[in-house]
Structures are given as structure tokens and as C-alpha cells.
Amino acid sequence: MTHPSTNSSFLLTGFSGMEQQYPWFSIPFSSIYAMVLLGNCMVLHVIWTEPSLHQPMFYFLSMLALTDLCMGLSTVYTVLGILWGIIREINLDSCITQSYFIHGVSFMESSVLLAMAFDRYIAICNPLRYSSILTNSRISKIGLTIIGRSFFFIIPPIIHLKFFNYCHFHILSHSFCLHQDLLHLACSDIRFNSCYALMLVICILLLDAILILFSYILILKSVLAVASREERHKLFQTCISHVYISLTMVHRFGKHLSPVAHVLIGNIYILFPPLMNPIIYSVKTQQIHTRMLRLFTLKRY
């Protein structure tokens, strides 16, 4: 066990007591990471190479795929490193960098989902002005705003982590680094980080969730008011993917779970959306589904 000290190395937590089974655990986890990489790269490739998909909805979808790809790349080294027996510890600088990208990408995914909800709201509730509102220039500005909103405002608390004194046991609660984990290990004054982090959660994640819910309420109201039964079905099919993926943003780390369950749920939270998003969109979105089938057919023949 790593004892309290000012040492800047931290012990990553795998599945405690099950170290003998790590080679077996590495198989499904490696497969999941491979599917995350392949699935999201395929979505990006299809949207990039298919001119008919150069539309606002698919631009936002490509942003989501890129976000999911970044999430997988942010955690693959430590998660698989533990299971493969490559690493057990991580230094402070690497830990802070990883937490910066994990939280930044999480905020980015929330922002992209909000943009996708706005896109569907305009397309369904104000279709005549859709092309004039969501121009390529405006979409580019939305993308840049999402990046700035996600990665700029988290810089102050992340930088503060570098100057804390970590005198508690240097054991992280997950297979990757999180801001709140490092706060729990610090003996310095963490009030700024705690309050700032809470403000970010409220102003970004909670606000985005409320706006996403509100937009789909307006969409539902509009659909039920004017659309025929067939049109309703088509619109619901388009939106249900967005709603489902929005639900995967909910983070439910249980405080009273066993350490193994705690680590497992943490990995599910990190890996489930990047794994499921390309699957859901390739099945639910007809244009993506058709191009995916064409891509596999070309590869086969």
C-alpha cells in the first residue's frame, strides 16, 4: 500500500483481489476499445467521404464521433495498461493531463448533444428556415464554441491540482484519473476547486440536460400537433437516438458499492457511450446505415 507522503505517483485501482483474472478481463476490454476506435472512425469516414451526408445533422454527428474517439484514447493507456500488467502507477503530471482530457471530453459530449437537440428542433419545428439558420459558417462557430466551452473553463481547477499537497494514501478509486479523486487525496485547501467544479457541473452538464429535455418537449409537442402517423414515426426514429444517448451521460457512481463494482461502473460510464453511439446511429439513422452497408459490401467484394 502506498503511504501518505508528498510523492507525486499514484496507484491506479483495477479489480482488487482479481489480479489473476486480468489476462481474461483484458480480452473483453481490448475488444471494446477496438470497437470504439473502429466504430467511430467508420462514422467519421462515412460522413467525410459521402457528399450527401454533408448536412448539419451529420456534421454534429461527426463531432460526437470525434468526441467519443477522444474519450477512448484518453483512457485506453491506463485501463488496458493495468489489465496487461504494464503499469500500476501514474505520476502527477500525467494524472492531471488525463483528468483534463476526460472532463473536457465529457463536457464536450454534453455540448454536442445539446447542439444536436437544437438541430432537430430547428429541422422539425422550423423547417423552412433550417438551411438559413444552420449554415456551414454558423456550424463552424458552434463547433469552436463547444471546444472553448469544454476545455477552457476547466483550466483553473486543473492547474490548481499541480500545487496541492497530497498527503493521504496515494490510491485512486478508478483505472484512470479524475479531478474529484485527486481532491480526496489532497491535504491543501480545496474549496476553490470544489466550488468551481460544482459550478461547472451546474452551468454545463445540468443546464445542457435541462435544455435538451426542453427542446425534445417542444419537438414532441410540434410532432403531435401537425404530423401524420407515418411522419410521427419517422421523426421519432430520428430523435430517439439523440434521447437515448443523452441518457448515457448520466453518471451514477455508487458510493456504497464494493470497490470492484465501483471500478466496473466507472469503466462502463467511460466506455458505454463511445461504444454504443456508432452502433445506435448506424442502425437508427437510415443514411448512415445505408452507407455502412455499402462500405462493408465494397470491402467484401
# chains A, B, ... in the order shown; residues from 1 in each chain; ligands from 1

call {"tool": "residues_around", "arguments": {"residues": "stretch 24-31 of chain A", "least_positions_apart": "3", "cutoff": "10 Å", "atoms": "only C-alpha atoms", "output": "count of residues only"}}
result
19

call {"tool": "residues_around", "arguments": {"residues": "A:Lys162", "least_positions_apart": "4", "cutoff": "10 Å", "atoms": "only C-alpha atoms", "output": "list in words"}}
result
Ser8, Leu92, Asp93, Cys95, Ile96, Pro157, Ile158 and Tyr166 of chain A

call {"tool": "write_last_selection", "arguments": {"atoms": "N, CA and C atoms", "output": "mmCIF file, in the first residue's frame"}}
result
data_model
loop_
_atom_site.group_PDB
_atom_site.id
_atom_site.type_symbol
_atom_site.label_atom_id
_atom_site.label_comp_id
_atom_site.auth_asym_id
_atom_site.auth_seq_id
_atom_site.Cartn_x
_atom_site.Cartn_y
_atom_site.Cartn_z
ATOM 1 N N SER A 8 4.687 12.131 -5.827
ATOM 2 C CA SER A 8 3.740 12.534 -6.855
ATOM 3 C C SER A 8 3.273 11.374 -7.721
ATOM 4 N N LEU A 92 2.005 12.499 -11.205
ATOM 5 C CA LEU A 92 1.039 13.580 -11.025
ATOM 6 C C LEU A 92 0.754 14.321 -12.329
ATOM 7 N N ASP A 93 1.796 14.647 -13.089
ATOM 8 C CA ASP A 93 1.597 15.398 -14.328
ATOM 9 C C ASP A 93 0.738 14.618 -15.322
ATOM 10 N N CYS A 95 -1.369 12.255 -14.575
ATOM 11 C CA CYS A 95 -2.692 12.119 -13.979
ATOM 12 C C CYS A 95 -3.524 13.386 -14.208
ATOM 13 N N ILE A 96 -2.910 14.547 -14.009
ATOM 14 C CA ILE A 96 -3.610 15.810 -14.224
ATOM 15 C C ILE A 96 -3.998 15.966 -15.698
ATOM 16 N N PRO A 157 -9.253 24.945 -12.263
ATOM 17 C CA PRO A 157 -9.155 23.901 -11.231
ATOM 18 C C PRO A 157 -8.134 22.828 -11.568
ATOM 19 N N ILE A 158 -7.926 22.560 -12.854
ATOM 20 C CA ILE A 158 -6.937 21.562 -13.243
ATOM 21 C C ILE A 158 -5.524 22.047 -12.895
ATOM 22 N N TYR A 166 -0.371 16.359 -1.532
ATOM 23 C CA TYR A 166 -1.121 15.099 -1.456
ATOM 24 C C TYR A 166 -0.518 14.232 -0.357
#

call {"tool": "select_by_dssp", "arguments": {"residues": "stretch 61-282 of chain A", "states": "strand (DSSP E or B)", "output": "PyMOL selection string"}}
result
chain A and resi 89-91+171

call {"tool": "write_last_selection", "arguments": {"atoms": "C-alpha atoms", "output": "compact mmCIF listing (two decimals), in the first residue's frame"}}
result
# COMPACT_ATOMS: atom_id res chain seq x y z
CA GLU A 89 1.16 3.80 -11.05
CA ILE A 90 0.85 7.17 -12.75
CA ASN A 91 2.76 10.34 -11.97
CA ILE A 171 -4.60 5.31 -4.21

call {"tool": "closest_atom_pairs", "arguments": {"of": "stretch 50-137 of chain A", "to": "stretch 214-225 of chain A", "cutoff": "12 Å", "atoms": "only C-alpha atoms", "output": "JSON lines"}}
result
{"residue": "A:Leu113", "atom": "CA", "partner": "A:Ser215", "partner_atom": "CA", "distance": 11.3}
{"residue": "A:Leu114", "atom": "CA", "partner": "A:Ser215", "partner_atom": "CA", "distance": 8.9}
{"residue": "A:Ala115", "atom": "CA", "partner": "A:Ser215", "partner_atom": "CA", "distance": 10.5}
{"residue": "A:Met116", "atom": "CA", "partner": "A:Ser215", "partner_atom": "CA", "distance": 10.1}
{"residue": "A:Ala117", "atom": "CA", "partner": "A:Ser215", "partner_atom": "CA", "distance": 6.4}
{"residue": "A:Phe118", "atom": "CA", "partner": "A:Ser215", "partner_atom": "CA", "distance": 6.8}
{"residue": "A:Asp119", "atom": "CA", "partner": "A:Ser215", "partner_atom": "CA", "distance": 9.7}
{"residue": "A:Arg120", "atom": "CA", "partner": "A:Ile219", "partner_atom": "CA", "distance": 7.9}
{"residue": "A:Tyr121", "atom": "CA", "partner": "A:Ile219", "partner_atom": "CA", "distance": 5.9}
{"residue": "A:Ile122", "atom": "CA", "partner": "A:Ile219", "partner_atom": "CA", "distance": 9.0}
{"residue": "A:Ala123", "atom": "CA", "partner": "A:Ile219", "partner_atom": "CA", "distance": 9.5}
{"residue": "A:Ile124", "atom": "CA", "partner": "A:Ile219", "partner_atom": "CA", "distance": 6.7}
{"residue": "A:Cys125", "atom": "CA", "partner": "A:Ser222", "partner_atom": "CA", "distance": 6.3}
{"residue": "A:Asn126", "atom": "CA", "partner": "A:Ser222", "partner_atom": "CA", "distance": 9.9}
{"residue": "A:Pro127", "atom": "CA", "partner": "A:Ser222", "partner_atom": "CA", "distance": 11.7}

call {"tool": "closest_residue", "arguments": {"among": "A:Ile47, A:Ala186, A:Met71, A:Ile139", "to": "A:Phe272", "atoms": "only C-alpha atoms"}}
result
A:Met71

call {"tool": "atom_distance", "arguments": {"atom1": "atom CA of A:Val43", "atom2": "atom CA of A:Ile288"}}
result
7.6 Å

call {"tool": "closest_atom_pairs", "arguments": {"of": "stretch 138-200 of chain A", "to": "stretch 103-112 of chain A", "cutoff": "7 Å", "atoms": "only C-alpha atoms", "output": "CSV"}}
result
residue,atom,partner,partner_atom,distance
A:Ile146,CA,A:Ser111,CA,6.0
A:Ile147,CA,A:Met108,CA,6.6
A:Ser150,CA,A:Met108,CA,5.1
A:Phe151,CA,A:Gly104,CA,5.0
